[in-house]
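Participant: Okay, so here is run_35.pdb, and as you'll see once you scroll down, it has PDB, C-alpha atoms.
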ATOM      1  CA  MET A   1       0.000   0.000   0.000
ATOM      2  CA  SER A   2       1.384   3.392  -0.913
ATOM      3  CA  LEU A   3       1.935   6.257   1.504
ATOM      4  CA  LYS A   4      -0.572   8.347  -0.446
ATOM      5  CA  LYS A   5      -3.294   5.717   0.080
ATOM      6  CA  ILE A   6      -2.472   5.434   3.796
ATOM      7  CA  GLY A   7      -2.698   9.214   4.112
ATOM      8  CA  GLN A   8      -6.121   9.250   2.442
ATOM      9  CA  ILE A   9      -7.397   6.582   4.835
ATOM     10  CA  LYS A  10      -6.073   8.487   7.887
ATOM     11  CA  ASP A  11      -7.629  11.738   6.713
ATOM     12  CA  GLY A  12     -10.983  10.110   5.924
ATOM     13  CA  LYS A  13     -14.037  10.469   8.163
ATOM     14  CA  TRP A  14     -15.150   7.631  10.408
ATOM     15  CA  PHE A  15     -18.649   7.598   8.953
ATOM     16  CA  ARG A  16     -19.855   8.689   5.612
ATOM     17  CA  ILE A  17     -23.478   9.692   4.997
ATOM     18  CA  TRP A  18     -24.346   6.331   3.400
ATOM     19  CA  ASP A  19     -23.006   4.475   6.443
ATOM     20  CA  ALA A  20     -25.446   6.386   8.640
ATOM     21  CA  VAL A  21     -28.316   5.631   6.231
ATOM     22  CA  VAL A  22     -27.560   1.895   6.274
ATOM     23  CA  TYR A  23     -27.372   1.809  10.088
ATOM     24  CA  GLY A  24     -30.621   3.772  10.318
ATOM     25  CA  VAL A  25     -32.424   1.314   8.022
ATOM     26  CA  ILE A  26     -31.133  -1.619  10.067
ATOM     27  CA  ALA A  27     -32.359   0.030  13.289
ATOM     28  CA  VAL A  28     -35.831   0.586  11.793
ATOM     29  CA  ILE A  29     -36.014  -3.070  10.683
ATOM     30  CA  VAL A  30     -35.021  -4.296  14.172
ATOM     31  CA  VAL A  31     -37.669  -2.128  15.841
ATOM     32  CA  ALA A  32     -40.326  -3.277  13.336
ATOM     33  CA  LEU A  33     -39.492  -6.937  13.970
ATOM     34  CA  PHE A  34     -39.639  -6.372  17.727
ATOM     35  CA  VAL A  35     -43.093  -4.824  17.411
ATOM     36  CA  ALA A  36     -44.286  -7.583  15.072
ATOM     37  CA  VAL A  37     -43.117 -10.408  17.329
ATOM     38  CA  PHE A  38     -43.797  -9.148  20.840
ATOM     39  CA  LEU A  39     -46.761  -6.837  20.513
ATOM     40  CA  THR A  40     -48.931  -8.835  18.107
ATOM     41  CA  ARG A  41     -48.843 -12.171  19.938
ATOM     42  CA  ASP A  42     -52.090 -13.703  21.153
ATOM     43  CA  GLY A  43     -51.929 -13.601  24.944
ATOM     44  CA  SER A  44     -55.532 -14.673  25.502
ATOM     45  CA  PRO A  45     -56.048 -17.669  27.801
ATOM     46  CA  ALA A  46     -55.983 -21.091  26.177
ATOM     47  CA  ASP A  47     -59.246 -23.029  26.005
ATOM     48  CA  GLY A  48     -57.487 -26.372  26.108
ATOM     49  CA  VAL A  49     -54.356 -28.327  25.300
ATOM     50  CA  LYS A  50     -53.352 -30.518  22.359
ATOM     51  CA  VAL A  51     -50.437 -32.974  22.427
ATOM     52  CA  THR A  52     -49.073 -34.144  19.092
ATOM     53  CA  GLY A  53     -46.544 -36.839  18.360
ATOM     54  CA  GLY A  54     -44.949 -37.067  14.934
ATOM     55  CA  GLY A  55     -47.372 -34.462  13.601
ATOM     56  CA  VAL A  56     -50.457 -36.463  14.647
ATOM     57  CA  THR A  57     -52.759 -35.406  17.497
ATOM     58  CA  VAL A  58     -52.586 -37.997  20.287
ATOM     59  CA  PHE A  59     -54.351 -36.155  23.144
ATOM     60  CA  GLU A  60     -56.686 -33.198  23.724
ATOM     61  CA  TYR A  61     -57.952 -31.632  26.933
ATOM     62  CA  ASP A  62     -60.684 -28.972  27.212
ATOM     63  CA  TYR A  63     -60.427 -26.709  30.290
ATOM     64  CA  LYS A  64     -64.087 -25.641  30.211
ATOM     65  CA  SER A  65     -65.648 -29.099  30.162
ATOM     66  CA  GLY A  66     -62.818 -30.788  32.059
ATOM     67  CA  LYS A  67     -62.877 -33.679  29.591
ATOM     68  CA  TYR A  68     -60.036 -35.209  27.653
ATOM     69  CA  LYS A  69     -59.733 -37.443  24.622
ATOM     70  CA  VAL A  70     -56.919 -39.933  23.967
ATOM     71  CA  PHE A  71     -56.472 -40.516  20.231
ATOM     72  CA  ASP A  72     -53.493 -42.907  20.391
ATOM     73  CA  SER A  73     -53.178 -44.992  23.562
ATOM     74  CA  ASP A  74     -49.828 -46.391  22.382
ATOM     75  CA  LYS A  75     -48.234 -42.936  22.552
ATOM     76  CA  ILE A  76     -50.000 -41.358  25.540
ATOM     77  CA  THR A  77     -51.091 -42.800  28.870
ATOM     78  CA  VAL A  78     -53.066 -41.084  31.624
ATOM     79  CA  ILE A  79     -51.120 -41.760  34.824
ATOM     80  CA  ALA A  80     -53.310 -39.885  37.322
ATOM     81  CA  ASP A  81     -56.442 -37.764  37.173
ATOM     82  CA  ASN A  82     -57.093 -36.189  40.552
ATOM     83  CA  GLY A  83     -59.012 -33.035  41.381
ATOM     84  CA  SER A  84     -56.655 -30.392  40.093
ATOM     85  CA  LEU A  85     -53.912 -32.221  38.177
ATOM     86  CA  LEU A  86     -53.900 -34.520  35.179
ATOM     87  CA  GLU A  87     -50.655 -36.448  34.725
ATOM     88  CA  LEU A  88     -49.727 -37.975  31.370
ATOM     89  CA  LYS A  89     -46.851 -40.011  29.983
ATOM     90  CA  PHE A  90     -45.942 -39.523  26.329
ATOM     91  CA  ILE A  91     -44.039 -42.370  24.671
ATOM     92  CA  PRO A  92     -42.492 -41.502  21.282
ATOM     93  CA  GLU A  93     -42.519 -43.606  18.132
ATOM     94  CA  GLY A  94     -40.603 -46.836  18.675
ATOM     95  CA  GLY A  95     -41.435 -46.989  22.388
ATOM     96  CA  ARG A  96     -38.040 -45.722  23.531
ATOM     97  CA  GLY A  97     -38.141 -42.723  25.840
ATOM     98  CA  TYR A  98     -40.786 -40.711  27.674
ATOM     99  CA  ASN A  99     -42.072 -37.245  28.515
ATOM    100  CA  ASN A 100     -44.065 -36.712  31.712
ATOM    101  CA  ILE A 101     -46.699 -34.012  31.225
ATOM    102  CA  VAL A 102     -48.748 -32.330  33.972
ATOM    103  CA  ILE A 103     -51.921 -30.365  33.235
ATOM    104  CA  ASP A 104     -52.969 -28.033  36.045
ATOM    105  CA  LYS A 105     -56.740 -27.764  35.658
ATOM    106  CA  LYS A 106     -57.234 -24.885  38.108
ATOM    107  CA  ASN A 107     -54.449 -22.671  36.723
ATOM    108  CA  ARG A 108     -55.138 -23.718  33.117
ATOM    109  CA  SER A 109     -51.518 -24.553  32.422
ATOM    110  CA  VAL A 110     -49.494 -27.473  31.100
ATOM    111  CA  LYS A 111     -45.833 -28.321  31.679
ATOM    112  CA  VAL A 112     -43.370 -31.107  30.925
ATOM    113  CA  THR A 113     -41.983 -32.210  34.301
ATOM    114  CA  ASP A 114     -39.539 -34.934  33.238
ATOM    115  CA  ALA A 115     -38.115 -36.438  30.049
ATOM    116  CA  ASP A 116     -35.244 -38.570  28.803
ATOM    117  CA  CYS A 117     -34.932 -36.891  25.423
ATOM    118  CA  SER A 118     -31.433 -35.446  25.783
ATOM    119  CA  ILE A 119     -28.889 -34.238  28.280
ATOM    120  CA  ARG A 120     -30.200 -30.653  28.103
ATOM    121  CA  LYS A 121     -33.928 -31.535  28.415
ATOM    122  CA  ASP A 122     -35.088 -28.275  26.818
ATOM    123  CA  CYS A 123     -38.751 -29.330  26.981
ATOM    124  CA  VAL A 124     -38.562 -29.676  30.776
ATOM    125  CA  TYR A 125     -37.135 -26.168  31.207
ATOM    126  CA  THR A 126     -39.589 -24.520  28.805
ATOM    127  CA  PRO A 127     -42.145 -22.370  30.689
ATOM    128  CA  ALA A 128     -45.656 -23.730  31.148
ATOM    129  CA  VAL A 129     -48.201 -23.096  28.404
ATOM    130  CA  THR A 130     -50.847 -20.807  29.910
ATOM    131  CA  ASP A 131     -52.037 -18.803  26.903
ATOM    132  CA  ASN A 132     -52.099 -18.920  23.111
ATOM    133  CA  SER A 133     -48.682 -17.292  22.688
ATOM    134  CA  HIS A 134     -46.294 -20.254  22.805
ATOM    135  CA  ILE A 135     -45.846 -24.026  22.697
ATOM    136  CA  ILE A 136     -43.621 -26.685  24.240
ATOM    137  CA  CYS A 137     -41.580 -28.684  21.759
ATOM    138  CA  CYS A 138     -39.420 -31.806  22.206
ATOM    139  CA  PRO A 139     -37.653 -32.409  18.867
ATOM    140  CA  PRO A 140     -35.889 -35.674  19.868
ATOM    141  CA  HIS A 141     -39.278 -37.263  20.619
ATOM    142  CA  SER A 142     -41.214 -35.359  17.894
ATOM    143  CA  MET A 143     -43.664 -34.091  20.514
ATOM    144  CA  THR A 144     -45.379 -30.710  20.755
ATOM    145  CA  ILE A 145     -47.827 -29.315  23.279
ATOM    146  CA  GLU A 146     -50.010 -26.561  21.870
ATOM    147  CA  PRO A 147     -52.871 -24.473  23.259
ATOM    148  CA  LEU A 148     -56.337 -25.018  21.840
ATOM    149  CA  LYS A 149     -58.430 -22.023  20.933
ATOM    150  CA  ARG A 150     -62.144 -22.039  20.236
ATOM    151  CA  VAL A 151     -63.236 -20.225  17.103
ATOM    152  CA  VAL A 152     -66.909 -19.259  16.999
ATOM    153  CA  LYS A 153     -68.316 -18.877  13.498
ATOM    154  CA  ASP A 154     -71.333 -16.781  12.481
ATOM    155  CA  ASP A 155     -73.688 -19.765  12.684
ATOM    156  CA  ASP A 156     -72.675 -20.415  16.329
ATOM    157  CA  ASP A 157     -70.651 -23.534  15.473
ATOM    158  CA  ILE A 158     -67.665 -23.945  17.751
ATOM    159  CA  ILE A 159     -64.490 -25.192  16.164
ATOM    160  CA  ILE A 160     -61.536 -26.139  18.342
ATOM    161  CA  GLY A 161     -58.204 -25.872  16.581
TER     162      GLY A 161
END
What would you get if you wrote out this structure as structure tokens?
Facilitator:
Amino acid sequence: MSLKKIGQIKDGKWFRIWDAVVYGVIAVIVVALFVAVFLTRDGSPADGVKVTGGGVTVFEYDYKSGKYKVFDSDKITVIADNGSLLELKFIPEGGRGYNNIVIDKKNRSVKVTDADCSIRKDCVYTPAVTDNSHIICCPPHSMTIEPLKRVVKDDDDIIIG
């Protein structure tokens, strides 16, 4: 590099006008994404819980009626159903492994309490599902726990999905 080029670099400004424009556009995009993700989420209470294994629904529980439906008894077993708690055991495809799930009927929440999916056990440390804003996912066992939300159509039909 020549001395003339080094001198030009030393004399140059730290920021040029186009640098400031690029950083400003990036800042606007970050703020817009923050607003889109955190302020538009559905924080309404969940009407129930759906457990899926391998993309197929294996269990549903409705908080209002207090009733549950087991769709695949090979993958999900009801361990205990006492007054306020419903305890389930999810067994993934192949029968190797487990996820213990607890549904708190009074607080309308669901949580994974124990699993043997991996060393980290991310599904166990995921916060309980209490509203429609998030899910619990266990990728090693292909299990998800999602909130159910009732959708009322114009003709008063209730669809749970």
Participant: So, counting all atoms listed in the file, which residue among A:Met143, A:Gly55, A:Val102, A:Glu93 is closest to Val78 (chain A)?
Facilitator: A:Val102
Participant: Mind giving me the straight-line distance from CA of Glu60 (chain A) to CA of Lys121 (chain A) in Å, one decimal?
Facilitator: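 Rounded to one decimal, the two atoms are 23.3 Å apart.
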Participant: What does the structure give for the distance between CA of Thr113 (chain A) and CA of Ser44 (chain A), in Å to one decimal?
Facilitator: 23.8 Å
Participant: Quick check, in Å to one decimal: how far apart do CA of Asp114 (chain A) and CA of Phe38 (chain A) lie?
Facilitator: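 Going from CA of Asp114 (chain A) over to CA of Phe38 (chain A) covers 28.9 Å.
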Participant: Between A:Thr144, A:Thr52, A:Asn100, A:Thr57, single out the one closest to Val129 (chain A), counting only C-alpha atoms.
Facilitator: A:Thr144
Participant: Running the PyMOL selection byres ((chain A and resi 66-68) around 10) on this model by hand, what would come out? Give it as a PyMOL selection string.
Facilitator: chain A and resi 48-50+59-65+69-71+78+86+105
Participant: Put region 12-152 of chain A into a file with C-alpha atoms, as a PDB file, in the first residue's frame.
Facilitator:
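selection-v8.pdb, written as the output of this step:
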ATOM      1  CA  GLY A  12     -10.983  10.110   5.924  1.00  0.00           C
ATOM      2  CA  LYS A  13     -14.037  10.469   8.163  1.00  0.00           C
ATOM      3  CA  TRP A  14     -15.150   7.631  10.408  1.00  0.00           C
ATOM      4  CA  PHE A  15     -18.649   7.598   8.953  1.00  0.00           C
ATOM      5  CA  ARG A  16     -19.855   8.689   5.612  1.00  0.00           C
ATOM      6  CA  ILE A  17     -23.478   9.692   4.997  1.00  0.00           C
ATOM      7  CA  TRP A  18     -24.346   6.331   3.400  1.00  0.00           C
ATOM      8  CA  ASP A  19     -23.006   4.475   6.443  1.00  0.00           C
ATOM      9  CA  ALA A  20     -25.446   6.386   8.640  1.00  0.00           C
ATOM     10  CA  VAL A  21     -28.316   5.631   6.231  1.00  0.00           C
ATOM     11  CA  VAL A  22     -27.560   1.895   6.274  1.00  0.00           C
ATOM     12  CA  TYR A  23     -27.372   1.809  10.088  1.00  0.00           C
ATOM     13  CA  GLY A  24     -30.621   3.772  10.318  1.00  0.00           C
ATOM     14  CA  VAL A  25     -32.424   1.314   8.022  1.00  0.00           C
ATOM     15  CA  ILE A  26     -31.133  -1.619  10.067  1.00  0.00           C
ATOM     16  CA  ALA A  27     -32.359   0.030  13.289  1.00  0.00           C
ATOM     17  CA  VAL A  28     -35.831   0.586  11.793  1.00  0.00           C
ATOM     18  CA  ILE A  29     -36.014  -3.070  10.683  1.00  0.00           C
ATOM     19  CA  VAL A  30     -35.021  -4.296  14.172  1.00  0.00           C
ATOM     20  CA  VAL A  31     -37.669  -2.128  15.841  1.00  0.00           C
ATOM     21  CA  ALA A  32     -40.326  -3.277  13.336  1.00  0.00           C
ATOM     22  CA  LEU A  33     -39.492  -6.937  13.970  1.00  0.00           C
ATOM     23  CA  PHE A  34     -39.639  -6.372  17.727  1.00  0.00           C
ATOM     24  CA  VAL A  35     -43.093  -4.824  17.411  1.00  0.00           C
ATOM     25  CA  ALA A  36     -44.286  -7.583  15.072  1.00  0.00           C
ATOM     26  CA  VAL A  37     -43.117 -10.408  17.329  1.00  0.00           C
ATOM     27  CA  PHE A  38     -43.797  -9.148  20.840  1.00  0.00           C
ATOM     28  CA  LEU A  39     -46.761  -6.837  20.513  1.00  0.00           C
ATOM     29  CA  THR A  40     -48.931  -8.835  18.107  1.00  0.00           C
ATOM     30  CA  ARG A  41     -48.843 -12.171  19.938  1.00  0.00           C
ATOM     31  CA  ASP A  42     -52.090 -13.703  21.153  1.00  0.00           C
ATOM     32  CA  GLY A  43     -51.929 -13.601  24.944  1.00  0.00           C
ATOM     33  CA  SER A  44     -55.532 -14.673  25.502  1.00  0.00           C
ATOM     34  CA  PRO A  45     -56.048 -17.669  27.801  1.00  0.00           C
ATOM     35  CA  ALA A  46     -55.983 -21.091  26.177  1.00  0.00           C
ATOM     36  CA  ASP A  47     -59.246 -23.029  26.005  1.00  0.00           C
ATOM     37  CA  GLY A  48     -57.487 -26.372  26.108  1.00  0.00           C
ATOM     38  CA  VAL A  49     -54.356 -28.327  25.300  1.00  0.00           C
ATOM     39  CA  LYS A  50     -53.352 -30.518  22.359  1.00  0.00           C
ATOM     40  CA  VAL A  51     -50.437 -32.974  22.427  1.00  0.00           C
ATOM     41  CA  THR A  52     -49.073 -34.144  19.092  1.00  0.00           C
ATOM     42  CA  GLY A  53     -46.544 -36.839  18.360  1.00  0.00           C
ATOM     43  CA  GLY A  54     -44.949 -37.067  14.934  1.00  0.00           C
ATOM     44  CA  GLY A  55     -47.372 -34.462  13.601  1.00  0.00           C
ATOM     45  CA  VAL A  56     -50.457 -36.463  14.647  1.00  0.00           C
ATOM     46  CA  THR A  57     -52.759 -35.406  17.497  1.00  0.00           C
ATOM     47  CA  VAL A  58     -52.586 -37.997  20.287  1.00  0.00           C
ATOM     48  CA  PHE A  59     -54.351 -36.155  23.144  1.00  0.00           C
ATOM     49  CA  GLU A  60     -56.686 -33.198  23.724  1.00  0.00           C
ATOM     50  CA  TYR A  61     -57.952 -31.632  26.933  1.00  0.00           C
ATOM     51  CA  ASP A  62     -60.684 -28.972  27.212  1.00  0.00           C
ATOM     52  CA  TYR A  63     -60.427 -26.709  30.290  1.00  0.00           C
ATOM     53  CA  LYS A  64     -64.087 -25.641  30.211  1.00  0.00           C
ATOM     54  CA  SER A  65     -65.648 -29.099  30.162  1.00  0.00           C
ATOM     55  CA  GLY A  66     -62.818 -30.788  32.059  1.00  0.00           C
ATOM     56  CA  LYS A  67     -62.877 -33.679  29.591  1.00  0.00           C
ATOM     57  CA  TYR A  68     -60.036 -35.209  27.653  1.00  0.00           C
ATOM     58  CA  LYS A  69     -59.733 -37.443  24.622  1.00  0.00           C
ATOM     59  CA  VAL A  70     -56.919 -39.933  23.967  1.00  0.00           C
ATOM     60  CA  PHE A  71     -56.472 -40.516  20.231  1.00  0.00           C
ATOM     61  CA  ASP A  72     -53.493 -42.907  20.391  1.00  0.00           C
ATOM     62  CA  SER A  73     -53.178 -44.992  23.562  1.00  0.00           C
ATOM     63  CA  ASP A  74     -49.828 -46.391  22.382  1.00  0.00           C
ATOM     64  CA  LYS A  75     -48.234 -42.936  22.552  1.00  0.00           C
ATOM     65  CA  ILE A  76     -50.000 -41.358  25.540  1.00  0.00           C
ATOM     66  CA  THR A  77     -51.091 -42.800  28.870  1.00  0.00           C
ATOM     67  CA  VAL A  78     -53.066 -41.084  31.624  1.00  0.00           C
ATOM     68  CA  ILE A  79     -51.120 -41.760  34.824  1.00  0.00           C
ATOM     69  CA  ALA A  80     -53.310 -39.885  37.322  1.00  0.00           C
ATOM     70  CA  ASP A  81     -56.442 -37.764  37.173  1.00  0.00           C
ATOM     71  CA  ASN A  82     -57.093 -36.189  40.552  1.00  0.00           C
ATOM     72  CA  GLY A  83     -59.012 -33.035  41.381  1.00  0.00           C
ATOM     73  CA  SER A  84     -56.655 -30.392  40.093  1.00  0.00           C
ATOM     74  CA  LEU A  85     -53.912 -32.221  38.177  1.00  0.00           C
ATOM     75  CA  LEU A  86     -53.900 -34.520  35.179  1.00  0.00           C
ATOM     76  CA  GLU A  87     -50.655 -36.448  34.725  1.00  0.00           C
ATOM     77  CA  LEU A  88     -49.727 -37.975  31.370  1.00  0.00           C
ATOM     78  CA  LYS A  89     -46.851 -40.011  29.983  1.00  0.00           C
ATOM     79  CA  PHE A  90     -45.942 -39.523  26.329  1.00  0.00           C
ATOM     80  CA  ILE A  91     -44.039 -42.370  24.671  1.00  0.00           C
ATOM     81  CA  PRO A  92     -42.492 -41.502  21.282  1.00  0.00           C
ATOM     82  CA  GLU A  93     -42.519 -43.606  18.132  1.00  0.00           C
ATOM     83  CA  GLY A  94     -40.603 -46.836  18.675  1.00  0.00           C
ATOM     84  CA  GLY A  95     -41.435 -46.989  22.388  1.00  0.00           C
ATOM     85  CA  ARG A  96     -38.040 -45.722  23.531  1.00  0.00           C
ATOM     86  CA  GLY A  97     -38.141 -42.723  25.840  1.00  0.00           C
ATOM     87  CA  TYR A  98     -40.786 -40.711  27.674  1.00  0.00           C
ATOM     88  CA  ASN A  99     -42.072 -37.245  28.515  1.00  0.00           C
ATOM     89  CA  ASN A 100     -44.065 -36.712  31.712  1.00  0.00           C
ATOM     90  CA  ILE A 101     -46.699 -34.012  31.225  1.00  0.00           C
ATOM     91  CA  VAL A 102     -48.748 -32.330  33.972  1.00  0.00           C
ATOM     92  CA  ILE A 103     -51.921 -30.365  33.235  1.00  0.00           C
ATOM     93  CA  ASP A 104     -52.969 -28.033  36.045  1.00  0.00           C
ATOM     94  CA  LYS A 105     -56.740 -27.764  35.658  1.00  0.00           C
ATOM     95  CA  LYS A 106     -57.234 -24.885  38.108  1.00  0.00           C
ATOM     96  CA  ASN A 107     -54.449 -22.671  36.723  1.00  0.00           C
ATOM     97  CA  ARG A 108     -55.138 -23.718  33.117  1.00  0.00           C
ATOM     98  CA  SER A 109     -51.518 -24.553  32.422  1.00  0.00           C
ATOM     99  CA  VAL A 110     -49.494 -27.473  31.100  1.00  0.00           C
ATOM    100  CA  LYS A 111     -45.833 -28.321  31.679  1.00  0.00           C
ATOM    101  CA  VAL A 112     -43.370 -31.107  30.925  1.00  0.00           C
ATOM    102  CA  THR A 113     -41.983 -32.210  34.301  1.00  0.00           C
ATOM    103  CA  ASP A 114     -39.539 -34.934  33.238  1.00  0.00           C
ATOM    104  CA  ALA A 115     -38.115 -36.438  30.049  1.00  0.00           C
ATOM    105  CA  ASP A 116     -35.244 -38.570  28.803  1.00  0.00           C
ATOM    106  CA  CYS A 117     -34.932 -36.891  25.423  1.00  0.00           C
ATOM    107  CA  SER A 118     -31.433 -35.446  25.783  1.00  0.00           C
ATOM    108  CA  ILE A 119     -28.889 -34.238  28.280  1.00  0.00           C
ATOM    109  CA  ARG A 120     -30.200 -30.653  28.103  1.00  0.00           C
ATOM    110  CA  LYS A 121     -33.928 -31.535  28.415  1.00  0.00           C
ATOM    111  CA  ASP A 122     -35.088 -28.275  26.818  1.00  0.00           C
ATOM    112  CA  CYS A 123     -38.751 -29.330  26.981  1.00  0.00           C
ATOM    113  CA  VAL A 124     -38.562 -29.676  30.776  1.00  0.00           C
ATOM    114  CA  TYR A 125     -37.135 -26.168  31.207  1.00  0.00           C
ATOM    115  CA  THR A 126     -39.589 -24.520  28.805  1.00  0.00           C
ATOM    116  CA  PRO A 127     -42.145 -22.370  30.689  1.00  0.00           C
ATOM    117  CA  ALA A 128     -45.656 -23.730  31.148  1.00  0.00           C
ATOM    118  CA  VAL A 129     -48.201 -23.096  28.404  1.00  0.00           C
ATOM    119  CA  THR A 130     -50.847 -20.807  29.910  1.00  0.00           C
ATOM    120  CA  ASP A 131     -52.037 -18.803  26.903  1.00  0.00           C
ATOM    121  CA  ASN A 132     -52.099 -18.920  23.111  1.00  0.00           C
ATOM    122  CA  SER A 133     -48.682 -17.292  22.688  1.00  0.00           C
ATOM    123  CA  HIS A 134     -46.294 -20.254  22.805  1.00  0.00           C
ATOM    124  CA  ILE A 135     -45.846 -24.026  22.697  1.00  0.00           C
ATOM    125  CA  ILE A 136     -43.621 -26.685  24.240  1.00  0.00           C
ATOM    126  CA  CYS A 137     -41.580 -28.684  21.759  1.00  0.00           C
ATOM    127  CA  CYS A 138     -39.420 -31.806  22.206  1.00  0.00           C
ATOM    128  CA  PRO A 139     -37.653 -32.409  18.867  1.00  0.00           C
ATOM    129  CA  PRO A 140     -35.889 -35.674  19.868  1.00  0.00           C
ATOM    130  CA  HIS A 141     -39.278 -37.263  20.619  1.00  0.00           C
ATOM    131  CA  SER A 142     -41.214 -35.359  17.894  1.00  0.00           C
ATOM    132  CA  MET A 143     -43.664 -34.091  20.514  1.00  0.00           C
ATOM    133  CA  THR A 144     -45.379 -30.710  20.755  1.00  0.00           C
ATOM    134  CA  ILE A 145     -47.827 -29.315  23.279  1.00  0.00           C
ATOM    135  CA  GLU A 146     -50.010 -26.561  21.870  1.00  0.00           C
ATOM    136  CA  PRO A 147     -52.871 -24.473  23.259  1.00  0.00           C
ATOM    137  CA  LEU A 148     -56.337 -25.018  21.840  1.00  0.00           C
ATOM    138  CA  LYS A 149     -58.430 -22.023  20.933  1.00  0.00           C
ATOM    139  CA  ARG A 150     -62.144 -22.039  20.236  1.00  0.00           C
ATOM    140  CA  VAL A 151     -63.236 -20.225  17.103  1.00  0.00           C
ATOM    141  CA  VAL A 152     -66.909 -19.259  16.999  1.00  0.00           C
TER     142      VAL A 152
END
